[in-house]
Structure formats: structure tokens, C-alpha cells
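Undergrad: File entry-v4.cif below, mmCIF, C-alpha atoms and all ligand atoms:
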```
data_model
#
loop_
_atom_site.label_atom_id
_atom_site.label_comp_id
_atom_site.auth_asym_id
_atom_site.auth_seq_id
_atom_site.Cartn_x
_atom_site.Cartn_y
_atom_site.Cartn_z
CA MET U 1 -21.18 -13.44 -33.53
CA ILE U 2 -18.14 -13.47 -31.23
CA LYS U 3 -18.94 -17.06 -30.25
CA LYS U 4 -18.96 -18.17 -33.90
CA ILE U 5 -15.55 -16.63 -34.53
CA SER U 6 -14.20 -18.25 -31.36
CA LYS U 7 -15.35 -21.69 -32.40
CA LYS U 8 -13.69 -21.33 -35.79
CA LEU U 9 -10.46 -20.25 -34.15
CA PHE U 10 -10.53 -23.18 -31.78
CA ASN U 11 -8.76 -25.81 -33.87
CA PHE U 12 -8.71 -28.87 -31.60
CA ASN U 13 -6.28 -30.89 -33.74
CA LYS U 14 -3.78 -28.04 -33.91
CA ILE U 15 -3.97 -27.48 -30.15
CA LEU U 16 -3.44 -31.18 -29.43
CA LYS U 17 -0.43 -31.27 -31.77
CA ASP U 18 1.01 -28.09 -30.22
CA LEU U 19 0.64 -29.53 -26.72
CA GLU U 20 2.44 -32.67 -27.74
CA ASN U 21 5.24 -30.94 -29.68
CA LYS U 22 5.78 -27.66 -27.82
CA GLY U 23 4.00 -28.16 -24.50
CA PHE U 24 1.74 -25.15 -25.13
CA SER U 25 -0.67 -23.65 -27.64
CA ARG U 26 -1.84 -20.09 -28.28
CA ILE U 27 -5.33 -19.21 -29.48
CA LYS U 28 -5.53 -15.63 -30.70
CA ASN U 29 -8.45 -13.22 -30.23
CA TYR U 30 -10.63 -15.62 -28.27
CA LYS U 31 -12.25 -12.98 -26.04
CA SER U 32 -13.31 -9.52 -27.19
CA GLU U 33 -11.55 -6.38 -26.02
CA GLU U 34 -14.81 -5.28 -24.40
CA LYS U 35 -15.05 -8.50 -22.37
CA CYS U 36 -11.42 -8.09 -21.24
CA LEU U 37 -11.98 -4.50 -20.11
CA LYS U 38 -15.21 -5.38 -18.28
CA THR U 39 -13.50 -8.28 -16.52
CA ILE U 40 -10.55 -6.13 -15.43
CA LYS U 41 -12.96 -3.63 -13.85
CA VAL U 42 -14.66 -6.43 -11.94
CA LEU U 43 -11.32 -7.86 -10.78
CA GLU U 44 -10.18 -4.48 -9.48
CA THR U 45 -13.47 -4.26 -7.53
CA ILE U 46 -12.92 -7.73 -6.05
CA LEU U 47 -9.35 -6.74 -5.15
CA SER U 48 -10.62 -3.68 -3.24
CA LEU U 49 -13.36 -5.68 -1.52
CA ARG U 50 -10.91 -8.35 -0.37
CA ILE U 51 -8.36 -5.80 0.82
CA LYS U 52 -11.10 -4.17 2.94
CA LYS U 53 -11.95 -7.56 4.43
CA SER U 54 -8.24 -8.36 5.01
CA GLU U 55 -8.56 -11.47 2.83
CA PHE U 56 -5.60 -12.92 0.93
CA VAL U 57 -4.85 -10.92 -2.25
CA GLY U 58 -1.18 -11.75 -2.76
CA ASN U 59 1.33 -8.95 -2.17
CA SER U 60 2.84 -5.70 -3.46
CA ASN U 61 4.49 -7.55 -6.39
CA ASN U 62 1.81 -10.03 -7.33
CA GLN U 63 -1.93 -9.69 -6.78
CA VAL U 64 -3.76 -13.01 -6.67
CA LEU U 65 -7.52 -13.48 -6.47
CA TYR U 66 -8.41 -17.12 -5.97
CA ASN U 67 -12.01 -18.14 -6.69
CA TYR U 68 -12.99 -14.69 -8.00
CA PHE U 69 -16.43 -16.08 -8.93
CA ILE U 70 -17.54 -16.00 -5.27
CA GLU U 71 -18.22 -12.26 -5.44
CA PHE U 72 -19.12 -12.17 -9.17
CA PRO U 73 -20.73 -15.41 -10.40
CA ASP U 74 -20.74 -14.02 -13.97
CA LEU U 75 -17.01 -14.79 -13.99
CA LEU U 76 -17.86 -18.49 -13.99
CA ASP U 77 -17.62 -17.92 -17.77
CA PHE U 78 -13.88 -18.32 -17.32
CA VAL U 79 -14.19 -21.57 -15.35
CA TYR U 80 -16.58 -23.26 -17.78
CA ASP U 81 -15.97 -22.47 -21.41
CA GLU U 82 -17.56 -24.82 -23.94
CA ASN U 83 -14.43 -25.16 -26.10
CA ILE U 84 -12.02 -25.56 -23.19
CA PHE U 85 -14.33 -28.18 -21.67
CA LYS U 86 -14.37 -30.13 -24.96
CA LEU U 87 -10.59 -29.84 -25.26
CA MET U 88 -10.00 -31.08 -21.70
CA SER U 89 -12.37 -33.98 -22.36
CA LYS U 90 -9.99 -34.97 -25.18
CA VAL U 91 -6.67 -34.19 -23.45
CA LEU U 92 -7.70 -35.64 -20.06
CA ASP U 93 -11.00 -37.49 -19.73
CA GLU U 94 -14.72 -36.88 -19.88
CA ASP U 95 -14.91 -36.55 -16.07
CA HIS U 96 -12.13 -33.93 -15.75
CA VAL U 97 -12.28 -31.34 -12.97
CA LEU U 98 -11.05 -27.89 -11.99
CA THR U 99 -7.98 -27.97 -9.73
CA SER U 100 -7.60 -24.24 -9.17
CA THR U 101 -8.50 -20.91 -10.67
CA SER U 102 -7.14 -17.46 -9.89
CA ALA U 103 -6.92 -14.02 -11.46
CA ARG U 104 -3.36 -12.71 -11.25
CA ASN U 105 -1.67 -9.39 -11.82
CA LYS U 106 2.12 -9.32 -11.58
CA ARG U 107 2.08 -5.60 -10.86
CA ILE U 108 3.89 -3.43 -8.36
CA LEU U 109 1.25 -2.06 -6.00
CA LYS U 110 3.01 -0.32 -3.16
CA THR U 111 -0.14 0.06 -1.06
CA LEU U 112 -0.02 -3.69 -0.40
CA GLU U 113 2.34 -5.47 1.97
CA LYS U 114 5.33 -7.42 0.69
CA SER U 115 4.97 -10.24 3.16
CA SER U 116 2.27 -12.63 1.85
CA GLY U 117 3.95 -15.23 -0.35
CA THR U 118 2.46 -16.18 -3.72
CA SER U 119 3.01 -19.24 -5.88
CA GLY U 120 4.63 -19.13 -9.32
CA ILE U 121 7.96 -17.55 -8.35
CA GLY U 122 11.14 -19.27 -9.67
CA TRP U 123 11.30 -22.13 -12.16
CA HIS U 124 8.69 -24.75 -11.39
CA THR U 125 6.11 -26.99 -12.97
CA ASP U 126 2.57 -27.64 -11.76
CA THR U 127 2.67 -31.33 -12.50
CA ARG U 128 2.95 -34.19 -9.99
CA TYR U 129 6.09 -36.15 -9.08
CA VAL U 130 6.75 -39.70 -7.91
CA PHE U 131 9.83 -41.75 -6.91
CA GLN U 132 10.88 -39.64 -3.94
CA ASN U 133 9.14 -36.68 -5.52
CA LYS U 134 11.77 -36.45 -8.26
CA VAL U 135 10.27 -37.94 -11.44
CA PRO U 136 7.38 -36.14 -13.20
CA VAL U 137 4.27 -38.19 -13.96
CA LYS U 138 4.02 -38.44 -17.78
CA PRO U 139 1.90 -37.67 -19.66
CA SER U 140 0.69 -34.84 -17.44
CA LEU U 141 -2.52 -35.18 -15.50
CA SER U 142 -3.18 -31.44 -15.45
CA TYR U 143 -3.26 -28.56 -17.95
CA ILE U 144 -3.29 -24.80 -17.41
CA VAL U 145 -5.42 -22.33 -19.34
CA ILE U 146 -4.42 -18.65 -19.26
CA PHE U 147 -6.94 -16.04 -20.42
CA LEU U 148 -5.00 -12.86 -21.22
CA LEU U 149 -7.03 -9.81 -20.19
CA GLU U 150 -4.14 -7.46 -21.02
CA ASP U 151 -1.17 -7.82 -23.41
CA PHE U 152 1.66 -10.03 -22.18
CA THR U 153 4.99 -8.37 -23.03
CA LYS U 154 8.57 -8.77 -21.81
CA GLU U 155 8.16 -5.43 -20.05
CA ASN U 156 5.06 -6.31 -18.04
CA ALA U 157 5.97 -9.68 -16.57
CA ALA U 158 4.84 -12.09 -19.28
CA THR U 159 5.14 -15.65 -17.94
CA GLN U 160 8.49 -17.22 -18.88
CA PHE U 161 9.09 -20.81 -19.94
CA VAL U 162 11.85 -23.21 -20.93
CA PRO U 163 11.22 -24.45 -24.50
CA TYR U 164 10.45 -28.19 -24.82
CA SER U 165 10.93 -28.75 -21.07
CA HIS U 166 7.62 -30.68 -20.97
CA LYS U 167 9.73 -33.54 -22.36
CA PHE U 168 12.29 -33.41 -19.51
CA ASN U 169 12.24 -36.18 -16.96
CA PHE U 170 13.44 -34.25 -13.91
CA ARG U 171 12.43 -31.39 -11.62
CA PRO U 172 13.51 -27.84 -12.48
CA GLU U 173 15.98 -26.03 -10.22
CA ARG U 174 14.30 -22.86 -8.94
CA ASN U 175 17.13 -20.43 -9.68
CA LYS U 176 18.96 -22.07 -12.58
CA ALA U 177 19.72 -20.02 -15.74
CA TYR U 178 17.75 -22.08 -18.27
CA GLU U 179 17.26 -21.09 -21.89
CA THR U 180 14.17 -18.89 -21.62
CA ASP U 181 11.28 -17.85 -23.81
CA PHE U 182 8.24 -15.70 -23.00
CA PHE U 183 4.52 -16.16 -23.46
CA ILE U 184 4.01 -13.02 -25.51
CA GLY U 185 0.38 -12.42 -26.42
CA LYS U 186 -2.42 -9.94 -26.87
CA LYS U 187 -5.42 -9.28 -24.66
CA GLY U 188 -8.16 -11.73 -25.59
CA ASP U 189 -5.68 -14.52 -26.40
CA ILE U 190 -5.50 -17.85 -24.56
CA PHE U 191 -2.46 -19.96 -23.76
CA ILE U 192 -2.92 -23.63 -22.92
CA LEU U 193 0.01 -25.26 -21.13
CA ASP U 194 1.09 -28.75 -20.28
CA THR U 195 1.83 -28.49 -16.52
CA SER U 196 5.15 -30.33 -17.11
CA LEU U 197 6.52 -27.26 -18.91
CA PHE U 198 9.10 -25.41 -16.76
CA HIS U 199 7.79 -21.90 -16.19
CA LYS U 200 7.88 -18.93 -13.84
CA ALA U 201 6.14 -15.60 -13.37
CA GLY U 202 7.88 -12.64 -15.01
CA VAL U 203 9.48 -9.73 -13.15
CA SER U 204 6.84 -7.33 -11.79
CA SER U 205 6.42 -3.91 -13.30
CA ILE U 206 4.20 -0.91 -12.65
CA LYS U 207 2.19 -1.88 -15.75
CA SER U 208 -0.98 -3.83 -15.11
CA ARG U 209 -1.08 -7.40 -16.48
CA TRP U 210 -4.29 -9.13 -15.42
CA ALA U 211 -4.85 -12.71 -16.56
CA ILE U 212 -6.96 -15.63 -15.36
CA PHE U 213 -5.12 -18.88 -14.72
CA SER U 214 -7.09 -22.13 -14.39
CA MET U 215 -5.80 -25.64 -13.94
CA TYR U 216 -7.85 -28.63 -15.11
CA SER U 217 -7.03 -32.21 -14.15
CA SER U 218 -8.15 -35.78 -14.39
CA TRP U 219 -10.97 -36.43 -11.92
CA PHE U 220 -8.81 -38.25 -9.39
CA ILE U 221 -6.54 -35.25 -8.74
CA LYS U 222 -7.35 -33.24 -5.61
CA PRO U 223 -8.50 -29.63 -5.98
CA TYR U 224 -6.73 -26.80 -4.17
CA PHE U 225 -10.05 -25.89 -2.51
CA GLN U 226 -13.43 -27.46 -1.71
CA PHE U 227 -15.30 -25.72 -4.52
CA ASP U 228 -18.63 -27.42 -3.74
CA LYS U 229 -18.54 -25.88 -0.24
CA MET U 230 -18.28 -22.34 -1.65
CA PHE U 231 -21.94 -22.34 -2.68
CA LYS U 232 -25.25 -22.63 -0.86
CA LYS U 233 -27.09 -25.86 -1.68
CA LYS U 234 -29.59 -24.09 -3.97
CA GLU U 235 -26.87 -22.17 -5.77
CA LEU U 236 -24.93 -25.34 -6.38
CA GLU U 237 -28.02 -27.10 -7.76
CA SER U 238 -28.68 -24.24 -10.16
CA LEU U 239 -25.24 -24.48 -11.79
CA ASN U 240 -25.01 -26.13 -15.20
CA PRO U 241 -23.97 -29.82 -15.23
CA GLU U 242 -20.50 -29.04 -16.59
CA LEU U 243 -19.75 -26.61 -13.75
CA LYS U 244 -20.94 -29.16 -11.20
CA GLN U 245 -18.55 -31.66 -12.74
CA LEU U 246 -15.68 -29.13 -12.72
CA PHE U 247 -16.38 -28.38 -9.05
CA HIS U 248 -15.93 -32.11 -8.26
CA CYS U 249 -19.61 -32.77 -7.47
CA ASN U 250 -19.50 -35.92 -9.62
CA SER U 251 -16.32 -37.34 -8.14
CA ILE U 252 -16.68 -37.13 -4.36
CA PRO U 253 -16.07 -40.58 -2.83
CA PRO U 254 -19.15 -42.15 -1.18
CA LYS U 255 -19.39 -41.78 2.60
CA ASN U 256 -19.14 -45.52 3.08
CA HIS U 257 -19.62 -48.82 1.25
CA ARG U 258 -23.32 -49.28 2.07
CA LYS U 259 -24.78 -46.91 -0.54
CA ASN U 260 -22.14 -46.98 -3.24
CA ARG U 261 -18.80 -48.48 -4.04
CA ALA U 262 -17.78 -46.26 -6.98
CA THR U 263 -16.39 -42.73 -6.71
CA LEU U 264 -17.64 -41.36 -10.02
CA LYS U 265 -21.36 -40.54 -10.14
CA ARG U 266 -21.40 -41.66 -13.77
CA VAL U 267 -20.24 -45.11 -12.71
CA GLN U 268 -22.54 -45.23 -9.64
CA ASN U 269 -25.54 -44.66 -11.90
CA LYS U 270 -24.71 -47.50 -14.25
FE FE T 1 2.84 -22.36 -12.27
#
```
Just give me the structure as C-alpha cells.

TA:
Amino acid sequence: MIKKISKKLFNFNKILKDLENKGFSRIKNYKSEEKCLKTIKVLETILSLRIKKSEFVGNSNNQVLYNYFIEFPDLLDFVYDENIFKLMSKVLDEDHVLTSTSARNKRILKTLEKSSGTSGIGWHTDTRYVFQNKVPVKPSLSYIVIFLLEDFTKENAATQFVPYSHKFNFRPERNKAYETDFFIGKKGDIFILDTSLFHKAGVSSIKSRWAIFSMYSSWFIKPYFQFDKMFKKKELESLNPELKQLFHCNSIPPKNHRKNRATLKRVQNK
């Protein structure tokens, strides 16, 4: 039932228009409240597990759990979503891949250390630059999907953005006072962002604000991590074809020229 509602809500043409005009799109009520609550519980468990193992979890202002699916494979639901996959096939290409995924909570948690740096602080984009690293590649080669597991409000560090900045042709200045808006949304909503949009994480508060951030890119963009190495061979084989694609299994360059000359598996098999 929930899936049927989601599909109806997922208006591809509207999202594509929004991305072009505003640099972002919001889809309301995509995940159920129950799913959000369940996911938050799991994320808190992963946070505790990683703290015990002294693994990276961000810091006392910003908790970051990269590749959360390692401990809880059920969370792969957030990496591969049928509608998002279809959308990225339209926005990018049919061979698109996952660049990074992390669950983030911009929450003050005094039990953690301040020291470990996290990304997302100060005005930035997540796009790529050329010409001495100054000019953004347009149109963008990557898009971000944010699953809101809790409400995003001005008081609990909703991500901030500069309206229409996806059309700018220069790099943002980290500390400049740009005209600012906020991604205000409800738990269960999704935001989809053009990575050229200037944005920054909000100011941390004691209120929890879990969300899952994933970046998808054209197949020739490097991932932040070697996703295919995070699984045992059998586990990797058992994943659905879309997940294998997202984890770059179909776009690893051949070892040398003797077996294949094409990078994409789809092209190799032709
Ligand atoms: Fe970012």
C-alpha cells in the first residue's frame, strides 16, 4: 500500500523541472513514520557499535555514519530505491553509480570528541570543478538524495542553501553571507539536490535530526569508497543487479587490454 502511494507521489516530470529551475525538489511523505522510527533505532545502534570499536562517527556536533549498510544490510533500501534509480537513469545515465552514502545527525552529543572533522561545514557544493579548479562542470554530474528521518526545522540544523545558486558559474566562498534559505521538511520526505547548489549544514542543536544523504553520479565519477570491497564475494553476487551497478561492479576498468577494451560491462558484452 505504502509503495503504491509513493509511486503516485513520485512525479518524474515535476522533479526534473524543479531540478532545472530551482536546483532541488521535495517529495513529501515518501517513507512512513514507522520506517523512519525503525531506521533511527538502527542508526543509533550502529553509532554505539562504531563508538565501541573506535571507528569514525564524526564528532560532538555532527554524527556521521558512512556505509551504514555494512552492519545492517536491510538499510540497502536507502541505497537502491526503485523510483530514485529510475530518476537517476533519466537525470544522469542508465549506468549511473553511487558516489557516497552516509547517515548524518547534526546534533550536539557531548560524549563524543570535538576533534574529528566532518564534511558539509561552510558554503560548498559537491560538484566538480575545472579550469584551475574554479569553474563548475555544468550540467552537474552528480545529484544528492536526502531521506529525512526526522523533521528538518530552522531550530534543528536543517540544511541551508542559496536559492538558484545551481546556475552560478563560480565556487562559493565558505564564510560569505549569501542570501539563505532552508530545506524545511517533515520526516518521511525526500529532497533531491543538484550538487551545484550552494549549501551547508545547519547549526547543531541538542535536538536529533537524522537523515540519510546519498550522492549518485554518472558512471565515470569515482566513488568515495570501494563499495565492491565491502562485501564477501558471495554476498556481492547475491545483491540485486541495480545494487551491483550502484556499487560500481559494472564500471570497473579491465585489468589490461587482452580481455577487454571497454570499461562498462554493458559495452563489453555487446
Ligand atoms: Fe554537501

Undergrad: Give the residue list for ligand FE 1 (chain T) at 7 Å, counting only C-alpha atoms and all ligand atoms, as a short mmCIF file (atom, residue, chain, number, x, y, z; two decimals) with C-alpha atoms, in the coordinates of the input, sorted by chain and then by residue number.

TA:
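Once everything was written out, this is out-v1.cif:
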```cif
data_model
loop_
_atom_site.label_atom_id
_atom_site.label_comp_id
_atom_site.auth_asym_id
_atom_site.auth_seq_id
_atom_site.Cartn_x
_atom_site.Cartn_y
_atom_site.Cartn_z
CA GLY U 120 4.63 -19.13 -9.32
CA HIS U 124 8.69 -24.75 -11.39
CA THR U 125 6.11 -26.99 -12.97
CA ASP U 126 2.57 -27.64 -11.76
CA HIS U 199 7.79 -21.90 -16.19
CA LYS U 200 7.88 -18.93 -13.84
#
```

Undergrad: Identify which of the residues U:Gln132, U:Asn169, U:Thr101, U:Ser25 lies closest to Phe183 of chain U, counting all atoms listed in the file when measuring atom-to-atom distances.

TA: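 Using all atoms listed in the file, Phe183 of chain U sits closest to U:Ser25.
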
Undergrad: One decimal, Å: what's the distance from atom CA of Asn250 of chain U over to atom CA of Met215 of chain U, could you say?

TA: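 Atom-to-atom, atom CA of Asn250 of chain U to atom CA of Met215 of chain U, that is 17.7 Å.
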
Undergrad: Which value, in Å to one decimal, gives the distance between atom CA of Asp74 of chain U and atom CA of Asp228 of chain U?

TA: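 Answer for the atom CA of Asp74 of chain U to atom CA of Asp228 of chain U separation: 17.0 Å.
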
Undergrad: Can you tell me how far atom CA of Ile108 of chain U sits from atom CA of Ser204 of chain U, in Å to one decimal?

TA: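 Taking atom CA of Ile108 of chain U as the start and atom CA of Ser204 of chain U as the end point, the length is 6.0 Å.
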
Undergrad: What's the 9 Å shell around Gln160 of chain U, counting only C-alpha atoms, without same-chain residues fewer than 6 positions away, as a list in words?

TA: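 Listing them by chain and then by number gives Trp123, Lys154, Thr180, Asp181, Phe182, Phe183, Phe198, His199, Lys200, Ala201 and Gly202 of chain U.
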
Undergrad: Within 7 Å of segment 59-68 of chain U, which residues of segment 94-169 of chain U come that close, and what is the closest atom pair and distance in Å for each? Count all atoms listed in the file and give it as a Markdown table.

TA:
```
| residue | atom | partner | partner_atom | distance |
| --- | --- | --- | --- | --- |
| U:Thr101 | CA | U:Asn67 | CA | 6.0 |
| U:Ser102 | CA | U:Tyr66 | CA | 4.1 |
| U:Ala103 | CA | U:Leu65 | CA | 5.1 |
| U:Arg104 | CA | U:Val64 | CA | 4.6 |
| U:Asn105 | CA | U:Gln63 | CA | 5.1 |
| U:Lys106 | CA | U:Asn62 | CA | 4.3 |
| U:Arg107 | CA | U:Asn61 | CA | 5.4 |
| U:Ile108 | CA | U:Asn61 | CA | 4.6 |
| U:Leu109 | CA | U:Ser60 | CA | 4.7 |
| U:Lys110 | CA | U:Ser60 | CA | 5.4 |
| U:Thr111 | CA | U:Ser60 | CA | 6.9 |
| U:Leu112 | CA | U:Ser60 | CA | 4.6 |
| U:Glu113 | CA | U:Ser60 | CA | 5.5 |
| U:Lys114 | CA | U:Ser60 | CA | 5.1 |
| U:Ser115 | CA | U:Asn59 | CA | 6.6 |
| U:Ser116 | CA | U:Asn59 | CA | 5.5 |
```

Undergrad: Env of Phe220 of chain U: 10 Å cut, atoms = all atoms listed in the file, seq-sep filter 3 positions within chain, self excluded. Answer as a PDB file with C-alpha atoms, in the coordinates of the input.

TA:
```
ATOM      1  CA  ASP U  95     -14.910 -36.550 -16.070  1.00  0.00           C
ATOM      2  CA  HIS U  96     -12.130 -33.930 -15.750  1.00  0.00           C
ATOM      3  CA  VAL U  97     -12.280 -31.340 -12.970  1.00  0.00           C
ATOM      4  CA  LEU U 141      -2.520 -35.180 -15.500  1.00  0.00           C
ATOM      5  CA  SER U 217      -7.030 -32.210 -14.150  1.00  0.00           C
ATOM      6  CA  PRO U 223      -8.500 -29.630  -5.980  1.00  0.00           C
ATOM      7  CA  HIS U 248     -15.930 -32.110  -8.260  1.00  0.00           C
ATOM      8  CA  SER U 251     -16.320 -37.340  -8.140  1.00  0.00           C
ATOM      9  CA  ILE U 252     -16.680 -37.130  -4.360  1.00  0.00           C
ATOM     10  CA  THR U 263     -16.390 -42.730  -6.710  1.00  0.00           C
ATOM     11  CA  LEU U 264     -17.640 -41.360 -10.020  1.00  0.00           C
TER      12      LEU U 264
END
```

Undergrad: Counting all atoms listed in the file, which of U:Phe225, U:Phe152, U:Tyr178, U:Phe168 gets nearest to Ser208 of chain U?

TA: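 Result for the nearest residue to Ser208 of chain U: U:Phe152.
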
Undergrad: Using all atoms listed in the file, which of U:Met230, U:Ile192, U:Val42, U:Leu149 sits nearest Asp18 of chain U?

TA: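 Ranking U:Met230, U:Ile192, U:Val42, U:Leu149 by distance to Asp18 of chain U, first place goes to U:Ile192.
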
Undergrad: Rank U:Tyr143, U:Ala177, U:Pro163, U:Gln226 by their smallest atom-to-atom distance to Asp93 of chain U, using only C-alpha atoms, and report the top residue only.

TA: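 Distance minimum relative to Asp93 of chain U lands on U:Tyr143.
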
Undergrad: Rank U:Thr195, U:Ser238, U:Asn269, U:Asn29 by their smallest atom-to-atom distance to Pro73 of chain U, using only C-alpha atoms, and report the top residue only.

TA: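 Using only C-alpha atoms, Pro73 of chain U sits closest to U:Ser238.
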
Undergrad: Quick one: residues within 9 Å of Lys186 of chain U, all atoms listed in the file counted, chain neighbours fewer than 2 positions away excluded, as a list in words?

TA: Lys28, Asn29, Leu148, Leu149, Glu150, Asp151, Phe152, Thr153, Ile184, Gly188, Asp189 and Ile190 of chain U

Undergrad: Tell me, as JSON, numbers by chain, which residues lie within 6 Å of segment 165-167 of chain U, counting all atoms listed in the file; anything in the same chain fewer than 4 positions away does not count.

TA: {"U": [23, 196, 197, 198]}

Undergrad: Would you mind telling me which residue in U:Phe56, U:Ser32, U:Phe69, U:Thr99 lies nearest to Ile221 of chain U when using only C-alpha atoms?

TA: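 Smallest separation from Ile221 of chain U among the options: U:Thr99.
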
Undergrad: I'd like the contact shell of Leu16 of chain U - 9 Å cut-off, all atoms listed in the file, skipping same-chain residues fewer than 6 positions apart - returned as a PDB file with C-alpha atoms, in the frame of the given file.

TA:
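The new file out.pdb reads:
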```
ATOM      1  CA  SER U  25      -0.670 -23.650 -27.640  1.00  0.00           C
ATOM      2  CA  LEU U  87     -10.590 -29.840 -25.260  1.00  0.00           C
ATOM      3  CA  LYS U  90      -9.990 -34.970 -25.180  1.00  0.00           C
ATOM      4  CA  VAL U  91      -6.670 -34.190 -23.450  1.00  0.00           C
TER       5      VAL U  91
END
```

Undergrad: With C-alpha atoms retained, output segment 137-223 of chain U as an mmCIF file, in the first residue's frame.

TA:
```
data_model
loop_
_atom_site.group_PDB
_atom_site.id
_atom_site.type_symbol
_atom_site.label_atom_id
_atom_site.label_comp_id
_atom_site.auth_asym_id
_atom_site.auth_seq_id
_atom_site.Cartn_x
_atom_site.Cartn_y
_atom_site.Cartn_z
ATOM 1 C CA VAL U 137 31.169 21.415 -14.586
ATOM 2 C CA LYS U 138 27.669 22.064 -15.995
ATOM 3 C CA PRO U 139 25.247 20.400 -16.078
ATOM 4 C CA SER U 140 26.153 18.580 -12.874
ATOM 5 C CA LEU U 141 27.411 15.027 -12.993
ATOM 6 C CA SER U 142 26.126 14.193 -9.509
ATOM 7 C CA TYR U 143 22.878 14.561 -7.541
ATOM 8 C CA ILE U 144 22.180 14.221 -3.819
ATOM 9 C CA VAL U 145 19.167 12.479 -2.314
ATOM 10 C CA ILE U 146 18.276 13.261 1.307
ATOM 11 C CA PHE U 147 15.860 10.947 3.140
ATOM 12 C CA LEU U 148 14.506 12.873 6.144
ATOM 13 C CA LEU U 149 14.069 10.519 9.098
ATOM 14 C CA GLU U 150 13.145 13.409 11.410
ATOM 15 C CA ASP U 151 11.650 16.853 10.706
ATOM 16 C CA PHE U 152 14.066 19.433 9.307
ATOM 17 C CA THR U 153 13.429 22.784 11.013
ATOM 18 C CA LYS U 154 15.414 26.005 11.420
ATOM 19 C CA GLU U 155 15.899 25.040 15.066
ATOM 20 C CA ASN U 156 17.412 21.605 14.470
ATOM 21 C CA ALA U 157 20.030 22.310 11.833
ATOM 22 C CA ALA U 158 18.053 21.953 8.600
ATOM 23 C CA THR U 159 20.493 22.102 5.664
ATOM 24 C CA GLN U 160 20.804 25.654 4.288
ATOM 25 C CA PHE U 161 21.088 26.645 0.641
ATOM 26 C CA VAL U 162 21.492 29.679 -1.605
ATOM 27 C CA PRO U 163 18.452 29.941 -3.922
ATOM 28 C CA TYR U 164 19.194 29.447 -7.640
ATOM 29 C CA SER U 165 22.943 29.079 -6.993
ATOM 30 C CA HIS U 166 22.971 25.926 -9.179
ATOM 31 C CA LYS U 167 23.025 28.432 -12.062
ATOM 32 C CA PHE U 168 26.142 30.262 -10.786
ATOM 33 C CA ASN U 169 29.373 29.759 -12.642
ATOM 34 C CA PHE U 170 31.831 30.130 -9.760
ATOM 35 C CA ARG U 171 32.835 28.483 -6.491
ATOM 36 C CA PRO U 172 31.127 29.562 -3.253
ATOM 37 C CA GLU U 173 33.147 31.364 -0.574
ATOM 38 C CA ARG U 174 32.986 29.280 2.611
ATOM 39 C CA ASN U 175 32.097 32.089 5.018
ATOM 40 C CA LYS U 176 30.307 34.613 2.811
ATOM 41 C CA ALA U 177 26.888 35.977 3.894
ATOM 42 C CA TYR U 178 24.801 34.744 0.954
ATOM 43 C CA GLU U 179 21.033 35.057 0.757
ATOM 44 C CA THR U 180 19.948 31.885 2.550
ATOM 45 C CA ASP U 181 17.005 29.532 2.549
ATOM 46 C CA PHE U 182 16.456 26.281 4.466
ATOM 47 C CA PHE U 183 15.417 22.793 3.462
ATOM 48 C CA ILE U 184 12.409 22.619 5.756
ATOM 49 C CA GLY U 185 10.645 19.278 5.623
ATOM 50 C CA LYS U 186 8.872 16.541 7.514
ATOM 51 C CA LYS U 187 10.096 13.083 8.445
ATOM 52 C CA GLY U 188 9.458 10.745 5.524
ATOM 53 C CA ASP U 189 10.102 13.480 2.931
ATOM 54 C CA ILE U 190 12.901 13.390 0.355
ATOM 55 C CA PHE U 191 14.925 16.258 -1.044
ATOM 56 C CA ILE U 192 16.775 15.795 -4.325
ATOM 57 C CA LEU U 193 19.550 18.310 -4.989
ATOM 58 C CA ASP U 194 21.667 19.331 -7.907
ATOM 59 C CA THR U 195 25.219 19.170 -6.455
ATOM 60 C CA SER U 196 25.935 22.617 -7.980
ATOM 61 C CA LEU U 197 23.567 24.224 -5.453
ATOM 62 C CA PHE U 198 25.499 26.148 -2.758
ATOM 63 C CA HIS U 199 24.638 24.578 0.582
ATOM 64 C CA LYS U 200 25.890 23.977 4.112
ATOM 65 C CA ALA U 201 24.911 22.030 7.197
ATOM 66 C CA GLY U 202 22.796 23.950 9.719
ATOM 67 C CA VAL U 203 23.923 24.945 13.217
ATOM 68 C CA SER U 204 23.885 21.948 15.583
ATOM 69 C CA SER U 205 21.310 21.725 18.326
ATOM 70 C CA ILE U 206 20.509 19.279 21.096
ATOM 71 C CA LYS U 207 17.533 18.081 19.018
ATOM 72 C CA SER U 208 18.109 14.945 16.990
ATOM 73 C CA ARG U 209 17.949 15.338 13.186
ATOM 74 C CA TRP U 210 18.826 12.050 11.492
ATOM 75 C CA ALA U 211 18.800 11.940 7.693
ATOM 76 C CA ILE U 212 20.410 9.753 5.045
ATOM 77 C CA PHE U 213 22.414 11.549 2.368
ATOM 78 C CA SER U 214 23.355 9.705 -0.834
ATOM 79 C CA MET U 215 25.152 11.023 -3.870
ATOM 80 C CA TYR U 216 24.600 9.448 -7.294
ATOM 81 C CA SER U 217 26.794 10.195 -10.303
ATOM 82 C CA SER U 218 27.485 9.323 -13.888
ATOM 83 C CA TRP U 219 29.398 6.045 -14.092
ATOM 84 C CA PHE U 220 32.766 7.657 -14.805
ATOM 85 C CA ILE U 221 32.868 9.570 -11.500
ATOM 86 C CA LYS U 222 34.968 7.967 -8.756
ATOM 87 C CA PRO U 223 33.239 6.758 -5.587
#
```
